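For reference, final-v1.csv (CSV, C-alpha atoms and all ligand atoms):
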chain,number,residue,atom,x,y,z
A,1,MET,CA,-74.1,0.7,107.0
A,2,THR,CA,-74.8,0.9,103.3
A,3,SER,CA,-77.9,2.9,102.3
A,4,THR,CA,-79.5,1.5,99.1
A,5,ALA,CA,-82.6,3.5,100.0
A,6,ASN,CA,-81.1,6.5,98.2
A,7,LYS,CA,-79.8,4.4,95.3
A,8,ARG,CA,-78.7,6.5,92.3
A,9,GLU,CA,-80.3,5.9,88.9
A,10,THR,CA,-78.6,3.5,86.6
A,11,THR,CA,-78.5,3.2,82.8
A,12,VAL,CA,-80.5,0.2,81.6
A,13,ILE,CA,-79.1,-1.8,78.7
A,14,PRO,CA,-82.1,-3.7,77.2
A,15,ASP,CA,-81.9,-7.5,76.7
A,16,GLU,CA,-81.0,-7.0,73.0
A,17,GLY,CA,-78.2,-4.6,73.8
A,18,THR,CA,-78.0,-0.9,72.7
A,19,SER,CA,-74.6,-0.4,71.3
A,20,ASN,CA,-74.9,1.3,67.9
A,21,VAL,CA,-71.2,0.8,67.4
A,22,ASP,CA,-70.2,-1.6,64.6
A,23,PRO,CA,-68.4,-4.5,66.3
A,24,ALA,CA,-66.0,-4.7,63.3
A,25,THR,CA,-64.5,-1.4,64.4
A,26,ARG,CA,-63.5,-2.7,67.8
A,27,LEU,CA,-60.0,-3.6,68.8
A,28,TYR,CA,-59.2,-6.9,70.5
A,29,PRO,CA,-56.3,-9.4,70.5
A,30,PRO,CA,-56.6,-11.7,67.4
A,31,GLU,CA,-56.5,-14.8,69.6
A,32,TYR,CA,-60.1,-13.9,70.7
A,33,GLU,CA,-61.5,-14.1,67.2
A,34,GLY,CA,-64.9,-15.9,67.4
A,35,HIS,CA,-65.0,-15.8,71.2
A,36,LEU,CA,-67.0,-12.6,71.4
A,37,GLY,CA,-70.7,-13.0,70.9
A,38,SER,CA,-72.4,-9.6,70.7
A,39,LEU,CA,-71.1,-6.2,71.7
A,40,LEU,CA,-73.0,-5.1,74.8
A,41,ILE,CA,-71.4,-1.8,75.8
A,42,SER,CA,-68.7,0.1,73.9
A,43,HIS,CA,-65.7,1.8,75.5
A,44,GLU,CA,-67.1,5.2,74.6
A,45,GLU,CA,-70.4,4.4,76.5
A,46,ILE,CA,-68.4,3.2,79.5
A,47,ASP,CA,-66.3,6.4,79.4
A,48,SER,CA,-69.3,8.7,79.4
A,49,ARG,CA,-71.2,6.8,82.1
A,50,VAL,CA,-68.1,6.9,84.3
A,51,GLN,CA,-68.1,10.7,84.1
A,52,GLU,CA,-71.7,10.7,85.3
A,53,LEU,CA,-70.9,8.3,88.2
A,54,ALA,CA,-68.0,10.5,89.2
A,55,GLN,CA,-70.3,13.5,89.2
A,56,CYS,CA,-72.8,11.7,91.5
A,57,ILE,CA,-70.0,10.7,93.9
A,58,HIS,CA,-68.6,14.2,93.9
A,59,GLU,CA,-72.1,15.6,94.8
A,60,ASP,CA,-72.3,13.2,97.7
A,61,TYR,CA,-68.7,13.4,99.0
A,62,LYS,CA,-67.7,17.0,98.3
A,63,GLY,CA,-65.6,18.3,101.2
A,64,THR,CA,-64.6,14.8,102.3
A,65,ARG,CA,-61.9,12.3,101.1
A,66,PRO,CA,-63.5,8.9,100.6
A,67,VAL,CA,-61.4,5.8,100.6
A,68,MET,CA,-61.8,4.3,97.1
A,69,LEU,CA,-61.5,0.6,97.7
A,70,CYS,CA,-60.9,-1.4,94.6
A,71,THR,CA,-61.8,-5.1,94.4
A,72,LEU,CA,-59.1,-6.9,92.4
A,73,LYS,CA,-58.8,-7.9,89.7
A,74,GLY,CA,-62.0,-7.2,87.8
A,75,ALA,CA,-62.8,-3.7,88.9
A,76,CYS,CA,-59.3,-2.4,88.0
A,77,PRO,CA,-60.0,-0.7,84.6
A,78,PHE,CA,-63.3,0.8,85.9
A,79,TYR,CA,-61.5,2.0,89.1
A,80,GLN,CA,-58.8,3.6,87.1
A,81,HIS,CA,-61.3,5.5,84.9
A,82,LEU,CA,-63.4,6.5,87.9
A,83,LEU,CA,-60.4,7.9,89.7
A,84,ASP,CA,-59.4,9.8,86.6
A,85,ALA,CA,-62.9,11.3,86.4
A,86,LEU,CA,-62.8,12.2,90.1
A,87,GLN,CA,-59.5,14.0,89.6
A,88,ASP,CA,-61.1,16.1,86.8
A,89,LEU,CA,-63.8,17.2,89.4
A,90,LYS,CA,-61.1,18.0,92.0
A,91,GLN,CA,-62.5,15.3,94.3
A,92,GLY,CA,-59.9,14.1,96.7
A,93,TYR,CA,-59.7,10.4,97.8
A,94,THR,CA,-57.3,7.8,99.1
A,95,MET,CA,-56.7,4.4,97.5
A,96,GLU,CA,-57.0,0.9,98.9
A,97,PHE,CA,-57.3,-2.6,97.4
A,98,LEU,CA,-58.8,-5.9,98.3
A,99,ARG,CA,-59.1,-9.2,96.6
A,100,ALA,CA,-62.2,-11.4,97.0
A,101,SER,CA,-62.9,-14.6,95.1
A,102,SER,CA,-66.3,-16.2,94.5
A,103,TYR,CA,-66.4,-17.4,90.9
A,104,VAL,CA,-65.3,-20.5,89.2
A,105,GLY,CA,-65.7,-20.3,85.4
A,106,ALA,CA,-69.2,-19.1,84.4
A,107,ALA,CA,-71.0,-20.4,87.5
A,108,THR,CA,-70.9,-18.7,90.9
A,109,SER,CA,-69.5,-20.9,93.7
A,110,GLY,CA,-71.3,-19.0,96.4
A,111,ASN,CA,-68.1,-19.1,98.6
A,112,VAL,CA,-66.5,-15.8,99.2
A,113,THR,CA,-63.0,-15.5,100.6
A,114,LEU,CA,-60.8,-12.5,101.1
A,115,LEU,CA,-57.4,-13.3,99.5
A,116,GLY,CA,-54.2,-11.8,100.9
A,117,SER,CA,-56.0,-8.7,102.1
A,118,GLU,CA,-53.7,-5.9,103.1
A,119,LEU,CA,-56.4,-3.7,104.6
A,120,ASN,CA,-55.4,-1.9,107.8
A,121,LYS,CA,-57.7,-0.7,110.4
A,122,GLU,CA,-55.9,2.7,110.7
A,123,ASP,CA,-56.5,3.3,106.9
A,124,LEU,CA,-60.3,2.7,107.2
A,125,GLU,CA,-61.5,3.5,110.7
A,126,ASN,CA,-63.8,6.4,110.8
A,127,ARG,CA,-63.6,7.0,107.0
A,128,HIS,CA,-66.1,7.2,104.3
A,129,VAL,CA,-65.5,4.1,102.1
A,130,ILE,CA,-66.7,3.4,98.6
A,131,LEU,CA,-66.2,-0.2,97.5
A,132,VAL,CA,-65.6,-0.3,93.8
A,133,GLU,CA,-66.9,-3.4,92.1
A,134,ASP,CA,-66.9,-4.7,88.5
A,135,ILE,CA,-70.3,-6.5,88.6
A,136,VAL,CA,-73.0,-7.4,91.0
A,137,ASP,CA,-74.7,-10.6,89.8
A,138,THR,CA,-76.5,-12.5,92.6
A,139,GLY,CA,-75.0,-10.1,95.1
A,140,THR,CA,-73.6,-13.0,97.1
A,141,THR,CA,-70.0,-11.6,97.0
A,142,LEU,CA,-71.2,-8.2,98.2
A,143,ALA,CA,-73.4,-9.6,100.9
A,144,ASN,CA,-70.4,-11.5,102.2
A,145,LEU,CA,-67.9,-8.7,101.8
A,146,LEU,CA,-69.9,-5.8,103.4
A,147,PRO,CA,-70.0,-7.3,106.9
A,148,LEU,CA,-66.3,-8.0,106.7
A,149,LEU,CA,-65.7,-4.3,105.9
A,150,GLN,CA,-68.1,-3.0,108.5
A,151,LYS,CA,-65.8,-4.5,111.1
A,152,PHE,CA,-63.3,-1.8,110.4
A,153,GLU,CA,-65.6,0.7,112.1
A,154,LEU,CA,-66.2,2.9,109.0
A,155,LYS,CA,-67.9,6.2,109.0
A,156,SER,CA,-69.9,5.1,106.0
A,157,LEU,CA,-69.8,2.4,103.4
A,158,GLU,CA,-71.3,2.5,99.9
A,159,VAL,CA,-70.8,0.5,96.7
A,160,CYS,CA,-70.1,1.7,93.2
A,161,THR,CA,-70.3,-1.0,90.6
A,162,MET,CA,-69.7,-0.8,86.9
A,163,LEU,CA,-72.5,-3.3,86.1
A,164,GLU,CA,-75.4,-4.9,87.8
A,165,LYS,CA,-77.3,-7.9,86.3
A,166,ARG,CA,-81.0,-8.2,86.1
A,167,LEU,CA,-81.7,-11.6,87.5
A,168,GLY,CA,-85.2,-12.1,86.1
A,169,ASP,CA,-88.0,-14.2,87.6
A,170,ASP,CA,-88.5,-11.5,90.3
A,171,LYS,CA,-85.3,-12.6,91.9
A,172,THR,CA,-83.6,-9.8,94.0
A,173,PRO,CA,-79.8,-9.7,94.6
A,174,ALA,CA,-78.5,-10.4,98.1
A,175,ALA,CA,-77.0,-6.9,98.2
A,176,LYS,CA,-77.2,-3.8,96.0
A,177,ALA,CA,-74.9,-1.0,95.0
A,178,LYS,CA,-75.9,2.7,95.5
A,179,TYR,CA,-74.0,3.7,92.4
A,180,ALA,CA,-74.3,1.4,89.4
A,181,GLY,CA,-73.1,2.2,85.9
A,182,PHE,CA,-75.3,-0.1,83.8
A,183,SER,CA,-78.1,-2.6,84.5
A,184,ILE,CA,-77.4,-5.4,82.1
A,185,PRO,CA,-79.3,-8.6,80.9
A,186,ASN,CA,-78.7,-11.8,82.8
A,187,LYS,CA,-75.9,-13.0,80.4
A,188,PHE,CA,-72.2,-13.8,81.0
A,189,VAL,CA,-70.2,-10.8,80.0
A,190,LEU,CA,-66.5,-10.2,79.3
A,191,GLY,CA,-64.1,-7.4,78.9
A,192,PHE,CA,-63.0,-4.1,80.6
A,193,GLY,CA,-61.7,-6.2,83.6
A,194,LEU,CA,-64.3,-9.0,83.5
A,195,ASP,CA,-62.9,-12.4,82.7
A,196,TYR,CA,-63.7,-15.9,81.9
A,197,ASN,CA,-61.0,-18.2,83.3
A,198,GLU,CA,-58.6,-15.2,83.4
A,199,LEU,CA,-59.1,-14.3,79.7
A,200,TYR,CA,-60.7,-11.2,78.2
A,201,ARG,CA,-59.9,-8.7,81.0
A,202,ASP,CA,-57.8,-7.0,78.3
A,203,LEU,CA,-60.8,-5.9,76.1
A,204,LYS,CA,-61.6,-2.3,75.8
A,205,ASP,CA,-65.4,-3.0,75.4
A,206,ILE,CA,-67.9,-5.2,77.1
A,207,TRP,CA,-69.1,-8.2,75.2
A,208,VAL,CA,-71.4,-11.2,75.7
A,209,ILE,CA,-69.3,-14.4,75.5
A,210,SER,CA,-70.0,-16.8,72.6
A,211,GLN,CA,-70.2,-20.6,72.8
A,212,ALA,CA,-66.7,-20.8,71.2
A,213,GLY,CA,-65.4,-18.5,74.0
A,214,ILE,CA,-67.0,-20.8,76.6
A,215,ASP,CA,-65.5,-23.9,75.0
A,216,PHE,CA,-62.0,-22.4,74.5
A,217,ASP,CA,-59.1,-24.0,76.4
A,218,ALA,CA,-57.6,-20.9,78.2
A,219,LYS,CA,-54.4,-23.0,78.9
A,220,SER,CA,-53.6,-23.2,75.2
A,221,LEU,CA,-52.5,-19.5,75.3
A,222,VAL,CA,-49.1,-18.6,76.8
A,301,LIG,P1,-72.1,-12.4,92.6
A,301,LIG,O1,-71.5,-12.9,93.9
A,301,LIG,O2,-73.0,-13.5,92.0
A,301,LIG,O3,-72.7,-11.1,92.7
A,301,LIG,O4,-70.9,-12.3,91.6
A,301,LIG,C1,-69.9,-11.3,91.6
A,301,LIG,C2,-68.6,-11.7,91.0
A,301,LIG,O5,-68.8,-12.8,90.1
A,301,LIG,C3,-68.0,-10.6,90.3
A,301,LIG,O6,-67.2,-9.8,91.1
A,301,LIG,C4,-67.3,-11.2,89.1
A,301,LIG,O7,-66.0,-11.6,89.5
A,301,LIG,C5,-68.1,-12.5,88.9
A,301,LIG,N1,-69.1,-12.4,87.8
A,301,LIG,C6,-70.4,-12.4,87.9
A,301,LIG,N2,-71.0,-12.3,86.7
A,301,LIG,C7,-70.0,-12.2,85.8
A,301,LIG,C8,-70.0,-12.1,84.3
A,301,LIG,O8,-71.0,-12.0,83.6
A,301,LIG,N3,-68.8,-12.1,83.8
A,301,LIG,C9,-67.6,-12.2,84.5
A,301,LIG,N4,-67.6,-12.3,85.8
A,301,LIG,C10,-68.8,-12.3,86.5
Do you think you could lay out the structure here as C-alpha cells?
Amino acid sequence: MTSTANKRETTVIPDEGTSNVDPATRLYPPEYEGHLGSLLISHEEIDSRVQELAQCIHEDYKGTRPVMLCTLKGACPFYQHLLDALQDLKQGYTMEFLRASSYVGAATSGNVTLLGSELNKEDLENRHVILVEDIVDTGTTLANLLPLLQKFELKSLEVCTMLEKRLGDDKTPAAKAKYAGFSIPNKFVLGFGLDYNELYRDLKDIWVISQAGIDFDAKSLV
C-alpha cells in the first residue's frame, strides 16, 4: 500500500514561476524557437531538488535496496539524475522499467494501459518499490497503475514524481506521490523528459508551452 499520510514536503513553484534564470541563456534545439513560452524550472533548480529527494529516499530506505521503477518515457531524465544522486549517498537499488500510456496531445484521455511491460514477479515480490514518475496531473495514471503493481505482492510501494500539478478549484488528484520534486501551476509543461506529441523531451529545462508550440506540426520534423 502507498502511504501518502507521511508525504514529504515539496517545493512550490508559484503561478507566475520562480526561475531567476534569463531564458536567453538556455540551450535548446533551434527548431524549437518560439515554441517555449516561459521558463518554469531551470536545469540547475532540478539538479538541486533531485539531491534533496535522494536524501529523503536515503533516510527512508537506508539498509534496504529499493526497486527503482521508472515509467517510460517521460521519467527517464529525472530517473537518471535521481539514481546518480542515490549513488553519491551510497544508497543501493535495483532498476526496473514500465511503460504506461494515458495522454493524447495536451488532453488526458483517462485510459491507462501498460504497454509491453517486462515486469517479472520474481523481481518485485516482497521488495520495497519506488515508482518514479515525471508528473502527476489528475492522478488518473497513478490511480490505475498502483493497483496493477500491488498485484506483485510488494513489501511496500511509494511514488516519487518530479512534478505534481495544482489542479485548482479545490480539485484533488486521484492519487498522490509521497516524494514530489515541485508543485507546479496547472499549465501544460515541456522538457526534461516531458513531451508534447513526442517533441521537447530533449530540453534541459522545464518550460510552459506557447501557442506556437501547441500549433506546431510535429510531423514536419525528421
Ligand atoms: P494524469 O493521469 O492526469 O496524472 O497524467 C499523467 C501523465 O500525463 C504523465 O505521466 C504525462 O505523461 C502526462 N502529462 C500530464 N501533464 C502533462 C504536462 O503538463 N506536460 C506533459 N505531459 C503531461
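When only C-alpha atoms and all ligand atoms are used to measure the gap to ligand LIG 301 (chain A), the shortest distance among A:Ser183, A:Thr10, A:Asn126, A:Gln87 belongs to A:Ser183.
Considering all atoms listed in the file, the residue among A:Ala218, A:Cys56, A:Val132, A:Met162 positioned nearest to Leu69 of chain A is A:Val132.
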Near ligand LIG 301 (chain A), 7 Å: chain A residue rows, closest pairs, only C-alpha atoms and all ligand atoms, as a tab-separated table:
residue	atom	partner	partner_atom	distance
A:Gly74	CA	A:LIG301	O7	6.2
A:Ser102	CA	A:LIG301	O5	6.1
A:Tyr103	CA	A:LIG301	O5	5.2
A:Thr108	CA	A:LIG301	O2	5.7
A:Gly110	CA	A:LIG301	O1	6.6
A:Glu133	CA	A:LIG301	O6	6.5
A:Asp134	CA	A:LIG301	O6	5.7
A:Ile135	CA	A:LIG301	C3	5.0
A:Val136	CA	A:LIG301	O3	4.1
A:Asp137	CA	A:LIG301	O3	3.6
A:Thr138	CA	A:LIG301	O2	3.7
A:Gly139	CA	A:LIG301	O3	3.5
A:Thr140	CA	A:LIG301	O1	3.8
A:Thr141	CA	A:LIG301	O1	3.7
A:Leu142	CA	A:LIG301	O1	6.4
A:Lys187	CA	A:LIG301	O8	5.9
A:Phe188	CA	A:LIG301	O8	3.4
A:Val189	CA	A:LIG301	O8	3.9
A:Leu190	CA	A:LIG301	N3	5.4
A:Leu194	CA	A:LIG301	C9	4.7
A:Asp195	CA	A:LIG301	C9	5.0
A:Tyr196	CA	A:LIG301	C9	6.0
Give the answer as one residue: which of A:His35, A:His81, A:His128, A:Lys121 has the shortest atom-to-atom distance to Asp60 of chain A, using only C-alpha atoms?
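Checking each candidate against Asp60 of chain A, we get A:His128 as the closest.
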Report, in Å with one decimal, the straight-line distance from atom CA of Arg166 of chain A to atom CA of Leu72 of chain A.
22.8 Å
Would you list the contacts of Leu199 of chain A as a list of chain:residue names, taking every protein, DNA or RNA residue within 12 Å and counting all atoms listed in the file, but skipping same-chain residues closer than 5 positions in sequence?
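Within the cut-off, the hits are A:Tyr28, A:Pro29, A:Glu31, A:Tyr32, A:His35, A:Leu36, A:Lys73, A:Gly74, A:Gly105, A:Val189, A:Leu190, A:Gly191, A:Phe192, A:Gly193, A:Leu194, A:Ile209, A:Gly213, A:Ile214, A:Phe216, A:Asp217, A:Ala218, A:Lys219, A:Ser220, A:Leu221, A:Val222.
Among the candidates A:Ala175, A:Leu145, A:Cys76, A:Ala54, the one nearest to Gly92 of chain A when counting only C-alpha atoms is A:Ala54.
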Just checking: using only C-alpha atoms, which residue out of A:Lys176, A:Glu122, A:Arg26, A:Asp169 ends up closest to Leu146 of chain A?
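Closest candidate: A:Lys176.
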